[in-house]
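Heads up: the structure comes next, in structure tokens.
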Amino acid sequence: MARSNDEVAALFQEYADLIAITGGDAFKARVYEKAARAIGGHHADVGTLDAKGLQEIPGVGRSIAEKVVEYFRDGRVSAVEELRAKIPAGVRQLTAIPTLGPKKALVLHEELGISSVDELADAIRAERLRDLKGFGPRTEENILHGIELLQSSGDRVLLDVALDLAEETVAGLARVTGCRRCTYAGSLRRYRETIGDIDVLAAAERPAPVMRAFTGLPYVTEVIAHGDKKTSVRTSKGLAIDLRVVPPDSWGAALLYFTGSKTHNIRVREIAVRQRLKLSEYGLFDVESGEKVVSATEEDVYARLGLPWIEPTLREDRGEIEAGQRGELPDLVTESDIRGDLHTHTDLTDGLAPLEEMVRAAAERGYAYYAITDHGPDLYMQRMTDERMLAQRDQVRQLDGAYGKQGKRGGMRLLHGVELNIAPDGGVDWPDDFLAGFDLCVASVHSHFNQGREALTRRIVRACENPYVNVIGHPTTRIIGKRPGIDADLDQVFAACARTGTALEINAHPDRLDLRDEDILRARRHGVRFAIDSDAHATLHLAHMRYGVGTAQRGWLTKEDVINAWPLTRLRRFLDKGRRGRRSAA
DNA sequence: GCCGTTTTCGGCCCGACTGTTTTCAGTCG
């Protein structure tokens with residue numbers, strides 16, 4: 001179920017689109033877009049705010065606040081209804097076709113009565129667009145191609161797929177003579193969970209050789225646009241890559257600009273405008289004289305605007321600019337802060353590698369501690385028994401400290417854990433006395449995803465209340481692009497975690513990234529602690545940690561928030577979860 | 001429709017590329 005903030009955000013985004021399609025004031029459309037984003041990202045439920053409280057959200061004034069109030073009072077907003085009556089929903093969908101924006105969509109609707117993607121495809125085949133002003137043969141071709149992309153994949157790809165391709169492309173271009181610098185930027189540098197297209201930035205005095213090398217890459221199948229400063233291609237996987245080449249002196253301004261996000265950039269430029277400066281990808285310029293002020297590094301540009309350097313993972317206009325101005329940016333957790341992995345598997349259950357191989361691979365990553373957490377018996381296909389689990393524990397104790405930098409004494413410490421299954425009623429695989437033998441317990445939902453909101457919420461809260469459950473694994477169970485997260489009341493879950501001393505996992509597998517960044521931001525406000533885990537089922541998966549850390553950064557987490565960035569003694573106190581007190585009281 | 005470190009009115013981010021155009025509108029990021 002969508003949060004009411006998301007409902008209102010979607011409504012205003014639709015209203016903005018409809019204003020643009022009906023040829024309304026472009027500035028007005030932009031204001032509604034901005035308000036939609038601000039409301040979608042606002043921490044408090046807008047359904048609980050009055051007009052005054054609503055107007056404290058930046059970008060929300062009297063008129064928009066009234067519309068929010070109207071929405072919760074009447075279930076509808078009359079201004080939106082009026083535009084909906086004029087423009088069929090299908091016309092708005094036309095603007096989802098690449099190269100087709102609101103202006104062309106309006107012409108198609110007004111002149112030809114087209115109000116769906118299918119009707120548009122038919123009209124092109126029937127050559128009905130031929131007489132329209134502004135529509136030539138290439139436009140027809142581009143629209144048909146765009147429809148094809150939209151209907152086939154056209155989708156965003158997972159972070160790891162995009163990162164592999166980007167790193168290969170950067171390596172290829174960096175070798176070109178005259179290429180002074182090259183890196184990927186865009187949503188990839190911000191570690192967004194999915195990537196629409198890859199942005200690559202290069203610095204060179206003469207762009208032509210770099211551009212030529214780019215279009216000549218073996219996996220490039222189509223050149224979408226080809227210019228002096230910018231070239232766009234599509235690869236064999238259907239993913240688009242944009243390359244921008246700038247003069248070396250513009251590197252910092254260009255990197256800032258192409259890293260985005262769009263809304264972050266707009267905010268930064270507004271700050272520039274207020275200081276009579278103009279920021280573009282070529283530098284920060286004095287408006288009066290036209291002279292360049294700074295451009296060489298991102299730090300230079302931010303500093304001239306009164307801001308510290310802002311981590312790319314924060315650049316989403318979620319308050320990072322204000323925090324920067326106040327000098328209150330978080331000191332984000334990094335991959336090198338991570339001292340261990342708390343959720344991993346071996347071939348005792350569904351992992352691929354034996355215990356010793358996993359332990360050795362973990363030690364090579366430089367971890368101070370490492371937890372083995374195979375599945376419990378409730379996932380019956382895993383054939384777990386008490387005996388097998390206890391035999392593994394003996395093995396784990398023997399390997400404890402055997403691998404790592406400084407031999408036995410300073411070696412990597414091993415924790416014997418388990419990934420429990422949270423049953424539909426919130427129970428787990430074993431009774432307390434058996435659970436007491438583990439160093440830590442991760443507990444996760446693996447089935448019965450459609451129980452209904454109240455039952456799911458109760459189920460997870462009950463797992464948190466189990467004194468032996470330390471971490472809720474992949475809390476929403478979503479698989480990106482394949483399975484939506486379960487419909488639990490996450491705010492209740494977050495409160496339960498904070499109250500009981502249960503950590504929430506940030507599962508680093510690129511298919512999951514669960515919790516997601518927005519939920520992390522909300523959970524953090526409840527005072528929840530987090531565990532960033534690879535959930536590795538093979539030695540190579542241990543390296544997924546970077547995606548989990550990127551996601552944690554997008555949730556503004558510091559190493560203080562992340563239990564596996566803590567020293568082992570502090571981690572053990574957290575894992576104890578007050579059990580010692582319980583035992584002595586009993 | 002929102003907003004204010006020259007403004008309560010008059011601004012509102014900036015540039016590249018394409019396609020249909022003989023100077024520019026539309027789209028995109």
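Going through the structure tokens in order, the chains are called A, B, and so on, while each chain numbers its residues from 1 and the ligands are numbered from 1 in the order shown.
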Compile the contact shell of DG19 (chain B) as a tab-separated table (two decimals) with N, CA and C atoms, in the first residue's frame: residues with an atom at most 9 Å away, counting only C-alpha atoms (C1' of nucleotides), same-chain residues fewer than 6 positions apart removed.
```
chain	number	residue	atom	x	y	z
A	134	GLY	N	5.78	19.94	-38.16
A	134	GLY	CA	6.79	19.56	-37.18
A	134	GLY	C	7.04	18.07	-37.09
A	135	PHE	N	6.27	17.27	-37.84
A	135	PHE	CA	6.48	15.83	-37.85
A	135	PHE	C	7.01	15.39	-39.21
A	136	GLY	N	8.28	15.06	-39.28
A	136	GLY	CA	8.85	14.58	-40.54
A	136	GLY	C	9.05	13.09	-40.50
A	138	ARG	N	11.80	11.37	-40.06
A	138	ARG	CA	12.66	10.93	-38.97
A	138	ARG	C	11.90	10.89	-37.65
A	139	THR	N	11.00	11.84	-37.46
A	139	THR	CA	10.18	11.84	-36.25
A	139	THR	C	9.36	10.56	-36.16
```
Interface list for chain B, partner chain A, 9 Å threshold, only C-alpha atoms (C1' of nucleotides), as number ranges by chain: B: 1-3, 5, 12-21, 25-29
Test item, strand (DSSP E or B) assignment across region 425-582 of chain A, answer as an MDAnalysis selection string: chainID A and resid 440:444 471:472 479 483 503:507 514 530:533 536 558 562
Expected file: the selected residues, C-alpha atoms, as a PDB file, in the first residue's frame:
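Printed below is selection-v2.pdb as written:
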```
ATOM      1  CA  LEU A 440      23.774 -14.216  16.610  1.00  0.00           C
ATOM      2  CA  CYS A 441      20.474 -14.879  14.866  1.00  0.00           C
ATOM      3  CA  VAL A 442      19.310 -13.273  11.641  1.00  0.00           C
ATOM      4  CA  ALA A 443      15.576 -13.814  11.027  1.00  0.00           C
ATOM      5  CA  SER A 444      13.901 -13.351   7.676  1.00  0.00           C
ATOM      6  CA  VAL A 471      18.863  -8.838  12.817  1.00  0.00           C
ATOM      7  CA  ILE A 472      15.815  -8.822  10.535  1.00  0.00           C
ATOM      8  CA  ILE A 479      13.402  -8.470  -5.538  1.00  0.00           C
ATOM      9  CA  ARG A 483       8.758  -8.888  -6.642  1.00  0.00           C
ATOM     10  CA  ALA A 503      18.969  -4.347  13.846  1.00  0.00           C
ATOM     11  CA  LEU A 504      17.536  -4.051  10.360  1.00  0.00           C
ATOM     12  CA  GLU A 505      19.551  -5.547   7.558  1.00  0.00           C
ATOM     13  CA  ILE A 506      20.662  -3.662   4.506  1.00  0.00           C
ATOM     14  CA  ASN A 507      20.989  -6.681   2.253  1.00  0.00           C
ATOM     15  CA  ASP A 514      16.693  -4.264   1.101  1.00  0.00           C
ATOM     16  CA  PHE A 530      21.561  -1.458  10.847  1.00  0.00           C
ATOM     17  CA  ALA A 531      23.651  -4.407   9.646  1.00  0.00           C
ATOM     18  CA  ILE A 532      25.031  -4.196   6.115  1.00  0.00           C
ATOM     19  CA  ASP A 533      25.317  -7.812   4.957  1.00  0.00           C
ATOM     20  CA  ALA A 536      26.793 -14.295   0.269  1.00  0.00           C
ATOM     21  CA  THR A 558      27.391   6.877   9.670  1.00  0.00           C
ATOM     22  CA  VAL A 562      25.982   0.275  11.535  1.00  0.00           C
TER      23      VAL A 562
END
```
Which of region 326-432 of chain A DSSP labels helix (DSSP H, G or I), written as a ChimeraX atom specification: /A:335-337,355-364,380-382,386-399,407-410,432
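Note that the spacing between CA of Leu120 (chain A) and CA of Leu132 (chain A) amounts to 13.3 Å.
Distances from A:Ala38, A:Leu329, A:Ala508, A:Ala202 to Pro247 (chain A) were compared using only C-alpha atoms, and the smallest one belongs to A:Ala202.
Reported to one decimal place, the separation of CA of Ile21 (chain A) from CA of Asp118 (chain A) is 18.7 Å.
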